[in-house]
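Participant: The structure file input-v7.tsv (TSV, C-alpha atoms) is provided below.
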```
chain	number	residue	atom	x	y	z
A	1	MET	CA	275.47	155.35	39.10
A	2	ASN	CA	275.87	155.52	42.88
A	3	THR	CA	275.74	151.86	43.88
A	4	SER	CA	275.45	152.73	47.54
A	5	ALA	CA	271.80	153.58	46.95
A	6	ARG	CA	269.31	150.71	46.93
A	7	THR	CA	267.53	150.48	43.56
A	8	VAL	CA	264.02	149.03	43.04
A	9	LEU	CA	263.12	147.69	39.65
A	10	THR	CA	259.93	145.77	39.05
A	11	ILE	CA	259.84	142.90	36.60
A	12	ALA	CA	256.78	141.10	35.32
A	13	VAL	CA	257.58	137.72	33.82
A	14	ALA	CA	255.23	135.73	31.60
A	15	PRO	CA	255.56	132.44	29.69
A	16	ALA	CA	257.83	132.18	26.83
A	17	LEU	CA	255.68	130.35	24.43
A	18	LEU	CA	258.15	132.69	23.18
A	19	LEU	CA	259.68	132.46	22.80
A	20	THR	CA	259.13	135.34	20.67
A	21	ALA	CA	259.72	136.46	20.01
A	22	CYS	CA	261.87	134.08	19.95
A	23	GLY	CA	259.86	134.60	20.17
A	24	ASP	CA	258.52	132.80	21.36
A	25	SER	CA	260.61	132.58	24.97
A	26	GLY	CA	261.32	128.79	27.51
A	27	SER	CA	257.97	129.61	26.04
A	28	ARG	CA	256.36	132.70	24.65
A	29	ALA	CA	253.26	134.66	25.37
A	30	PRO	CA	250.61	135.62	22.79
A	31	GLN	CA	251.74	137.91	20.02
A	32	ASP	CA	250.03	141.21	19.21
A	33	LYS	CA	250.46	143.60	16.34
A	34	ALA	CA	252.95	146.38	17.01
A	35	GLY	CA	252.06	149.97	16.32
A	36	GLY	CA	250.93	153.19	17.92
A	37	SER	CA	253.10	155.89	19.41
A	38	SER	CA	256.68	156.41	18.31
A	39	THR	CA	257.58	158.76	21.16
A	40	THR	CA	261.32	158.75	21.92
A	41	THR	CA	261.43	160.72	25.15
A	42	ALA	CA	264.21	159.58	27.47
A	43	ALA	CA	262.95	158.86	30.98
A	44	LYS	CA	264.41	161.13	33.61
A	45	GLY	CA	266.50	160.14	36.59
A	46	GLN	CA	267.14	156.52	35.65
A	47	PRO	CA	267.62	154.17	37.34
A	48	ASP	CA	266.25	155.95	40.43
A	49	VAL	CA	263.37	157.40	38.43
A	50	ASN	CA	261.30	158.59	41.39
A	51	GLY	CA	264.33	160.11	43.13
A	52	ASP	CA	263.79	158.41	46.48
A	53	GLY	CA	267.36	157.06	46.67
A	54	LYS	CA	266.42	153.42	46.16
A	55	VAL	CA	265.46	151.07	43.37
A	56	VAL	CA	263.76	147.58	44.01
A	57	ILE	CA	263.76	144.76	41.42
A	58	GLY	CA	260.43	142.93	41.62
A	59	VAL	CA	259.57	139.87	39.54
A	60	MET	CA	255.98	139.00	38.55
A	61	SER	CA	255.49	135.71	36.74
A	62	PRO	CA	252.52	133.49	35.85
A	63	GLY	CA	254.93	130.54	35.86
A	64	ASP	CA	257.60	129.05	38.06
A	65	THR	CA	260.75	131.19	38.14
A	66	HIS	CA	262.75	128.06	38.99
A	67	ASP	CA	261.83	126.20	35.80
A	68	ASN	CA	265.39	126.07	34.37
A	69	GLY	CA	263.98	127.75	31.31
A	70	TYR	CA	262.21	130.80	29.98
A	71	TYR	CA	260.80	132.17	33.24
A	72	GLN	CA	264.03	131.64	35.15
A	73	SER	CA	266.20	133.26	32.49
A	74	PHE	CA	264.48	136.57	33.03
A	75	VAL	CA	264.96	136.40	36.79
A	76	ASP	CA	268.56	135.20	36.62
A	77	ASP	CA	269.64	138.06	34.38
A	78	ALA	CA	267.85	140.58	36.59
A	79	ASN	CA	269.50	139.11	39.70
A	80	GLY	CA	272.92	139.28	38.09
A	81	ILE	CA	272.58	142.90	37.06
A	82	ALA	CA	271.04	143.84	40.41
A	83	LYS	CA	273.92	142.24	42.30
A	84	THR	CA	276.46	144.12	40.21
A	85	ASN	CA	274.74	147.44	40.89
A	86	GLY	CA	273.73	146.85	44.50
A	87	TRP	CA	270.03	146.62	43.63
A	88	GLU	CA	267.43	144.59	45.46
A	89	VAL	CA	265.28	141.91	43.77
A	90	ARG	CA	261.75	140.87	44.80
A	91	THR	CA	260.08	137.93	43.06
A	92	LEU	CA	256.37	137.17	42.69
A	93	ASP	CA	255.57	134.18	40.50
A	94	LYS	CA	252.63	131.95	39.48
A	95	ILE	CA	250.45	135.04	39.00
A	96	ASN	CA	247.15	134.74	37.15
A	97	PRO	CA	247.30	137.03	34.07
A	98	ALA	CA	243.77	138.20	34.94
A	99	ASP	CA	245.28	139.82	38.03
A	100	ALA	CA	248.18	141.48	36.18
A	101	VAL	CA	246.75	145.01	36.18
A	102	ASN	CA	246.01	144.93	39.91
A	103	GLN	CA	249.51	143.64	40.63
A	104	ALA	CA	250.94	146.47	38.52
A	105	ARG	CA	248.88	149.08	40.40
A	106	ASN	CA	250.12	147.70	43.70
A	107	LEU	CA	253.70	147.95	42.49
A	108	CYS	CA	253.16	151.54	41.43
A	109	ARG	CA	251.85	152.33	44.91
A	110	GLN	CA	255.13	150.96	46.27
A	111	ARG	CA	256.95	153.71	44.32
A	112	VAL	CA	258.86	151.42	42.00
A	113	ASP	CA	261.05	152.85	39.25
A	114	LEU	CA	260.52	150.32	36.47
A	115	ILE	CA	257.87	147.68	35.83
A	116	ALA	CA	259.09	145.12	33.30
A	117	VAL	CA	256.64	142.73	31.66
A	118	ALA	CA	258.48	139.72	30.28
A	119	ALA	CA	255.88	138.62	27.72
A	120	SER	CA	252.71	139.95	26.22
A	121	GLU	CA	250.58	137.49	28.20
A	122	LEU	CA	250.61	140.17	30.91
A	123	LYS	CA	250.08	143.08	28.53
A	124	ASP	CA	246.87	144.12	30.30
A	125	SER	CA	249.04	145.46	33.11
A	126	LEU	CA	249.98	148.31	30.76
A	127	THR	CA	246.49	149.77	31.15
A	128	ALA	CA	247.62	151.00	34.56
A	129	ALA	CA	250.49	153.06	33.11
A	130	PRO	CA	248.50	156.32	32.57
A	131	GLU	CA	246.81	156.11	35.99
A	132	PRO	CA	247.76	158.61	38.73
A	133	GLN	CA	249.37	156.02	41.02
A	134	CYS	CA	251.75	155.02	38.21
A	135	LYS	CA	252.88	158.54	37.32
A	136	GLY	CA	256.63	158.60	36.81
A	137	VAL	CA	257.02	154.82	36.58
A	138	ASN	CA	259.00	153.40	33.64
A	139	TRP	CA	257.77	150.26	31.87
A	140	TYR	CA	259.53	147.57	29.85
A	141	VAL	CA	257.80	144.82	27.85
A	142	ASN	CA	259.30	141.74	26.27
A	143	GLY	CA	256.68	141.92	23.55
A	144	GLY	CA	257.45	138.93	21.34
A	145	GLY	CA	255.66	139.85	18.13
A	146	GLY	CA	254.80	143.21	19.65
A	147	VAL	CA	252.14	144.90	21.75
A	148	GLN	CA	250.38	148.14	20.84
A	149	GLN	CA	253.06	150.76	21.42
A	150	THR	CA	252.36	153.78	23.61
A	151	GLU	CA	254.51	156.53	25.08
A	152	TYR	CA	254.54	154.83	28.51
A	153	PHE	CA	256.78	151.85	27.81
A	154	THR	CA	259.66	150.46	25.79
A	155	GLN	CA	259.62	146.97	24.37
A	156	SER	CA	261.78	144.26	22.84
A	157	GLN	CA	260.42	142.27	19.92
A	158	ASP	CA	261.43	139.24	17.92
A	159	THR	CA	259.71	137.18	15.25
A	160	VAL	CA	258.13	133.83	16.00
A	161	ASN	CA	258.43	132.77	12.34
A	162	GLN	CA	262.20	133.29	12.42
A	163	SER	CA	262.85	131.44	15.67
A	164	LEU	CA	260.48	128.57	14.98
A	165	TYR	CA	261.43	128.11	11.32
A	166	ALA	CA	265.06	127.87	12.46
A	167	ALA	CA	264.07	125.42	15.20
A	168	GLY	CA	262.23	123.32	12.64
A	169	TYR	CA	265.24	123.42	10.32
A	170	ALA	CA	267.41	122.08	13.13
A	171	ALA	CA	264.85	119.34	13.79
A	172	GLY	CA	264.96	118.52	10.08
A	173	LEU	CA	268.73	118.12	10.25
A	174	LEU	CA	268.29	115.64	13.11
A	175	LEU	CA	265.64	113.71	11.17
A	176	GLU	CA	267.87	113.66	8.12
A	177	LYS	CA	270.69	112.11	10.13
A	178	SER	CA	268.47	109.46	11.75
A	179	GLY	CA	266.48	108.67	8.64
A	180	GLY	CA	263.30	109.64	10.45
A	181	ALA	CA	260.35	111.48	8.95
A	182	LYS	CA	258.17	112.42	11.92
A	183	ALA	CA	258.60	115.00	14.70
A	184	GLY	CA	256.53	115.89	17.73
A	185	TYR	CA	255.44	119.34	18.91
A	186	ILE	CA	253.95	119.60	22.40
A	187	THR	CA	252.62	122.87	23.77
A	188	GLY	CA	249.97	124.25	26.15
A	189	PRO	CA	246.71	126.01	25.22
A	190	GLU	CA	245.69	126.12	21.56
A	191	LEU	CA	246.42	129.83	21.23
A	192	ASP	CA	247.11	131.71	18.01
A	193	PHE	CA	250.81	132.16	18.71
A	194	ALA	CA	251.24	128.48	19.57
A	195	LYS	CA	249.53	127.45	16.32
A	196	GLN	CA	251.68	129.89	14.35
A	197	ALA	CA	254.77	128.48	16.04
A	198	ALA	CA	253.78	124.97	14.99
A	199	LYS	CA	253.28	126.12	11.40
A	200	ALA	CA	256.69	127.80	11.27
A	201	PHE	CA	258.38	124.80	12.91
A	202	LYS	CA	256.86	122.45	10.33
A	203	ALA	CA	257.93	124.69	7.44
A	204	GLY	CA	261.53	124.74	8.66
A	205	MET	CA	261.58	120.98	9.16
A	206	GLN	CA	260.22	120.34	5.69
A	207	ALA	CA	262.88	122.60	4.17
A	208	VAL	CA	265.28	119.76	5.04
A	209	VAL	CA	263.00	116.70	4.86
A	210	PRO	CA	260.15	117.63	2.47
A	211	LYS	CA	257.93	114.66	3.37
A	212	ALA	CA	258.38	115.00	7.14
A	213	GLU	CA	255.25	114.95	9.30
A	214	LEU	CA	254.58	116.97	12.44
A	215	VAL	CA	252.49	115.47	15.24
A	216	THR	CA	251.03	118.36	17.27
A	217	THR	CA	249.52	118.11	20.75
A	218	TYR	CA	247.94	120.93	22.76
A	219	THR	CA	247.79	119.93	26.43
A	220	GLY	CA	245.99	123.09	27.59
A	221	ASP	CA	248.70	123.95	30.13
A	222	PHE	CA	252.34	125.02	29.64
A	223	ASP	CA	253.32	123.83	33.13
A	224	ASP	CA	251.37	120.59	33.69
A	225	SER	CA	254.06	117.90	33.56
A	226	ALA	CA	251.63	114.99	33.79
A	227	LYS	CA	249.70	116.10	30.70
A	228	ALA	CA	252.91	116.86	28.81
A	229	LYS	CA	254.42	113.45	29.58
A	230	GLU	CA	251.20	111.74	28.53
A	231	ALA	CA	251.35	113.66	25.24
A	232	PHE	CA	254.94	112.55	24.67
A	233	GLU	CA	254.09	108.90	25.26
A	234	ALA	CA	251.27	109.14	22.72
A	235	GLN	CA	253.56	110.79	20.18
A	236	LYS	CA	256.31	108.25	20.80
A	237	ALA	CA	253.82	105.49	19.99
A	238	GLN	CA	253.21	107.25	16.66
A	239	GLY	CA	256.91	107.00	15.82
A	240	ILE	CA	258.31	110.50	16.35
A	241	LYS	CA	262.11	110.74	16.08
A	242	VAL	CA	262.54	114.25	17.53
A	243	VAL	CA	260.39	116.31	19.90
A	244	TYR	CA	259.94	120.01	20.58
A	245	PRO	CA	258.44	120.64	24.05
A	246	TYR	CA	257.28	124.22	23.41
A	247	LEU	CA	256.35	124.53	27.05
A	248	GLY	CA	257.09	126.32	30.31
A	249	GLY	CA	257.49	124.40	33.57
A	250	ALA	CA	256.76	121.05	31.91
A	251	THR	CA	259.68	121.29	29.47
A	252	ASP	CA	262.21	119.24	31.44
A	253	ALA	CA	259.67	116.55	32.34
A	254	VAL	CA	259.09	115.84	28.65
A	255	THR	CA	262.77	116.04	27.78
A	256	GLN	CA	263.75	113.58	30.51
A	257	GLN	CA	261.28	111.09	29.06
A	258	ALA	CA	262.67	111.78	25.61
A	259	ASN	CA	266.19	111.19	26.94
A	260	ALA	CA	265.13	107.78	28.26
A	261	ALA	CA	263.52	106.94	24.92
A	262	GLY	CA	266.48	108.12	22.84
A	263	VAL	CA	264.44	110.89	21.20
A	264	PRO	CA	266.35	114.18	20.77
A	265	ALA	CA	264.67	117.33	22.11
A	266	LEU	CA	264.96	121.07	21.51
A	267	THR	CA	264.82	123.87	24.08
A	268	PRO	CA	262.11	126.53	23.95
A	269	GLY	CA	264.11	129.67	24.59
A	270	THR	CA	267.34	129.04	26.48
A	271	ASP	CA	270.80	127.57	25.92
A	272	ARG	CA	270.90	124.20	27.68
A	273	CYS	CA	273.65	122.53	25.68
A	274	ALA	CA	275.89	122.31	28.75
A	275	ASP	CA	273.20	120.67	30.91
A	276	THR	CA	274.25	117.15	31.85
A	277	THR	CA	271.13	116.28	33.84
A	278	THR	CA	268.47	117.00	31.22
A	279	LYS	CA	270.07	116.63	27.81
A	280	TYR	CA	269.02	118.71	24.82
A	281	ALA	CA	270.09	118.09	21.23
A	282	VAL	CA	269.36	121.67	20.14
A	283	SER	CA	269.17	124.99	21.97
A	284	VAL	CA	266.67	127.39	20.40
A	285	VAL	CA	267.59	130.65	22.10
A	286	PHE	CA	265.13	133.51	22.42
A	287	SER	CA	265.29	133.98	26.18
A	288	PRO	CA	263.71	137.15	27.57
A	289	GLY	CA	266.66	137.57	29.91
A	290	ALA	CA	269.01	138.31	27.01
A	291	TYR	CA	266.73	141.02	25.65
A	292	PHE	CA	266.03	142.47	29.07
A	293	ALA	CA	269.71	142.56	30.01
A	294	ALA	CA	270.35	144.93	27.09
A	295	ALA	CA	267.48	147.15	28.24
A	296	LEU	CA	268.79	147.16	31.82
A	297	GLU	CA	272.20	148.26	30.63
A	298	ASP	CA	270.54	151.30	29.06
A	299	PHE	CA	268.43	151.81	32.19
A	300	GLN	CA	271.54	151.82	34.36
A	301	LYS	CA	273.10	154.43	32.04
A	302	GLY	CA	269.94	156.54	32.07
A	303	THR	CA	269.31	156.12	28.34
A	304	LEU	CA	266.34	153.72	28.21
A	305	LYS	CA	263.72	155.53	26.11
A	306	MET	CA	260.01	155.05	26.55
A	307	GLY	CA	257.76	154.87	23.49
A	308	THR	CA	260.25	152.84	21.46
A	309	ALA	CA	260.73	149.24	20.34
A	310	ARG	CA	263.90	147.28	19.65
A	311	VAL	CA	263.47	144.43	17.18
A	312	TRP	CA	265.92	141.54	17.64
A	313	LYS	CA	266.64	139.77	14.34
A	314	MET	CA	267.97	136.31	13.69
A	315	GLY	CA	271.15	136.38	11.64
A	316	VAL	CA	271.79	139.99	12.65
A	317	ASP	CA	271.83	140.10	16.46
A	318	PRO	CA	273.50	137.61	18.86
A	319	VAL	CA	270.03	136.38	19.80
A	320	PRO	CA	267.71	134.87	18.75
A	321	THR	CA	269.82	131.97	17.50
A	322	VAL	CA	269.90	128.18	17.22
A	323	LYS	CA	272.75	126.00	18.43
A	324	ILE	CA	273.08	122.28	17.66
A	325	CYS	CA	274.62	120.92	20.85
A	326	ALA	CA	276.67	118.08	19.35
A	327	ALA	CA	276.69	118.96	15.66
A	328	GLU	CA	278.01	116.39	13.22
A	329	GLY	CA	279.51	117.09	9.83
A	330	ASP	CA	278.16	120.30	8.33
A	331	GLN	CA	275.00	120.49	10.46
A	332	GLN	CA	275.86	123.72	12.29
A	333	ALA	CA	277.27	125.29	9.14
A	334	ARG	CA	273.98	124.64	7.34
A	335	MET	CA	272.08	125.97	10.34
A	336	ASP	CA	274.22	129.11	10.43
A	337	GLN	CA	273.69	129.70	6.72
A	338	VAL	CA	269.91	129.58	7.09
A	339	MET	CA	270.06	132.13	9.91
A	340	LYS	CA	272.42	134.32	7.90
A	341	ASP	CA	270.03	134.18	4.94
A	342	MET	CA	267.21	135.37	7.21
A	343	GLY	CA	269.34	138.29	8.33
A	344	THR	CA	270.27	139.39	4.82
A	345	GLY	CA	266.76	138.87	3.48
A	346	LYS	CA	267.84	136.18	1.05
A	347	LEU	CA	265.41	133.87	2.85
A	348	ASP	CA	261.94	135.41	3.17
A	349	VAL	CA	260.90	133.33	6.12
A	350	ASP	CA	257.37	134.73	6.29
A	351	ALA	CA	256.76	133.75	2.68
A	352	ALA	CA	258.27	130.33	3.34
A	353	VAL	CA	255.97	129.75	6.31
A	354	ASP	CA	252.87	131.06	4.54
A	355	GLY	CA	253.60	128.86	1.52
A	356	ALA	CA	254.22	125.71	3.52
A	357	ARG	CA	251.74	122.86	3.13
```
Could you render the structure from this file as structure tokens?
Facilitator:
Amino acid sequence: MNTSARTVLTIAVAPALLLTACGDSGSRAPQDKAGGSSTTTAAKGQPDVNGDGKVVIGVMSPGDTHDNGYYQSFVDDANGIAKTNGWEVRTLDKINPADAVNQARNLCRQRVDLIAVAASELKDSLTAAPEPQCKGVNWYVNGGGGVQQTEYFTQSQDTVNQSLYAAGYAAGLLLEKSGGAKAGYITGPELDFAKQAAKAFKAGMQAVVPKAELVTTYTGDFDDSAKAKEAFEAQKAQGIKVVYPYLGGATDAVTQQANAAGVPALTPGTDRCADTTTKYAVSVVFSPGAYFAAALEDFQKGTLKMGTARVWKMGVDPVPTVKICAAEGDQQARMDQVMKDMGTGKLDVDAAVDGAR
């Protein structure tokens, strides 16, 4: 690619209460059933798809892109790749999902080359893809569990059951070490994907500590720190010994309280093991930035194909994965084996989650 040309790429970021994928995400957006078109037509003229000699990287996010988590991971990876290639980045965050389609139309009118939607919370923006003003625009979606596939976009998918079962297994290892039998799960709205995540998390935890209990709180908002901290205090009073803030912008607020209380916490999507300010016991990694970086590498080469989906699998691909930050004894080895068993199919995680009490 000629890096002397300015490149414009448009990114739409949504919460990770992925986290999906890995989700679910760090949080991930709602999961939808994959399907539809299986077109494999390579887009022409990538990365300068519209042939105007420039490419602009725009970021659309319903959350704060400085959250040290899921939202920021998407932006950071885009910024890094843009800098390497001499591309420009534009960031729009805290966007209402109800306005996603209008924002997408406006971006198309600006003659962007690629609109990337970082989670399926903003999937309605895809309805603009066939419209005249969006002709020739490429689309990327970090789809978590998947959005209805069409010929207009490519997507990355992961499996919330895999990521959250593994997260729960790690929480179980921490409970086993401490002798505890109760964990907390704090998230935002009581959406289907958030409830499924809680179910998978509990199943993984009980694979290690069969009688463990999960205290679940839905605050109604992924980013409201005051509500999230209130939820943690209530759960702490109930005796939780580990907490999973499956949140967006409120993640660190909960974890800092947990640090003060001596309660280990897990990340929802990114690797924070090296963070010395807000300390995490476990990094549950399903960040959208990792998936998107792979797509951008193809985009830069001119090989990113619309109408296709890439499914990222735990135990097969580098991400999603789970890392115990200060593992003791055989903790990480046991964690690695569970992920490997998912990858080989020895562990049918969907059956394990469905059969959990």
Participant: Near A:Ala253, within 6 Å and counting only C-alpha atoms, which residues show up once chain neighbours fewer than 3 positions away are dropped, as a PDB file with C-alpha atoms, in the frame of the given file?
Facilitator:
```pdb
ATOM      1  CA  SER A 225     254.060 117.900  33.560  1.00  0.00           C
ATOM      2  CA  ALA A 250     256.760 121.050  31.910  1.00  0.00           C
ATOM      3  CA  GLN A 256     263.750 113.580  30.510  1.00  0.00           C
TER       4      GLN A 256
END
```
Participant: Considering only C-alpha atoms, can you say which of A:Thr154, A:Gln46, A:Gln235, A:Thr303 comes closest to A:Val215?
Facilitator: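 Going through A:Thr154, A:Gln46, A:Gln235, A:Thr303 one by one, the smallest distance to A:Val215 is for A:Gln235.
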Participant: Just give me the gap between atom CA of A:Lys83 and atom CA of A:Gln155 in Å, one decimal is fine.
Facilitator: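 The value is 23.4 Å.
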Participant: Give me the residues near A:Asp224 as a list in words, where near means some atom within 12 Å (using only C-alpha atoms) and where sequence neighbours in that chain fewer than 4 positions away do not count.
Facilitator: Gly63, Asp64, Ile186, Thr187, Gly188, Pro189, Tyr218, Thr219, Gly220, Ala228, Lys229, Glu230, Ala231, Pro245, Leu247, Gly248, Gly249, Ala250, Thr251, Asp252, Ala253 and Val254 of chain A
Participant: With distances taken over all atoms listed in the file, which residue among A:Ala212, A:Ala260, A:Asp223, A:Ala197 lies nearest A:Thr65?
Facilitator: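 That would be A:Asp223, the residue with the smallest distance to A:Thr65.
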Participant: Contacts of stretch 326-332 of chain A at 9 Å or less, counting all atoms listed in the file, minus same-chain residues fewer than 2 places along, as a list in words?
Facilitator: Ala170, Leu173, Leu174, Cys273, Ala281, Val282, Val322, Lys323, Ile324, Arg334, Met335, Asp336 and Gln337 of chain A
Participant: I'd like the neighbourhood of A:Lys279 as an MDAnalysis selection string, where a residue qualifies if any of its atoms comes within 9 Å (using all atoms listed in the file), though same-chain residues fewer than 6 positions away should be ignored.
Facilitator: chainID A and resid 255:256 259 264:265 272:273
Participant: Got a sec: who's within 8 Å of A:Glu176, counting all atoms listed in the file, leaving out chain neighbours fewer than 4 positions off, as JSON, numbers by chain?
Facilitator: {"A": [172, 180, 181, 208, 209]}
Participant: If I take atom CA of A:Glu131 and atom CA of A:Val147, how far is one from the other in Å, to one decimal?
Facilitator: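 Taking atom CA of A:Glu131 as the start and atom CA of A:Val147 as the end point, the length is 18.9 Å.
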Participant: Centre and edge lengths, as JSON, for the axis-aligned box enclosing every listed atom of stretch 265-278 of chain A with 6 Å of padding on each of the six sides, in Å to one decimal?
Facilitator:
```
{"center_x": 269.0, "center_y": 123.0, "center_z": 27.7, "size_x": 25.8, "size_y": 25.4, "size_z": 24.3}
```
Participant: Which is closer to A:Gly51 than all the others in A:Arg105, A:Gly145, A:Val137, A:Ala167, using all atoms listed in the file?
Facilitator: A:Val137
Participant: Under the rule that all atoms listed in the file are counted, which of A:Ala295, A:Leu92, A:Val59, A:Val338 is the nearest residue to A:Val316?
Facilitator: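 Looking at the shortest contact to A:Val316, the residue is A:Val338.
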Participant: In terms of the shortest atom-to-atom distance over only C-alpha atoms, which of A:Trp312, A:Ala234, A:Pro320, A:Gly168 is closest to A:Asp271?
Facilitator: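 Nearest candidate to A:Asp271 out of A:Trp312, A:Ala234, A:Pro320, A:Gly168: A:Pro320.
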Participant: Have a look at atom CA of A:Asp317 and atom CA of A:Met339 and let me know their distance in Å, one decimal.
Facilitator: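 Between atom CA of A:Asp317 and atom CA of A:Met339 the gap works out to 10.5 Å.
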Participant: List every protein, DNA or RNA residue that has an atom no more than 6 Å from (263.3, 134.9, 27.7) in the file's coordinate frame, counting only C-alpha atoms, and report them as number ranges by chain.
Facilitator: A: 25, 70, 73-74, 286-289
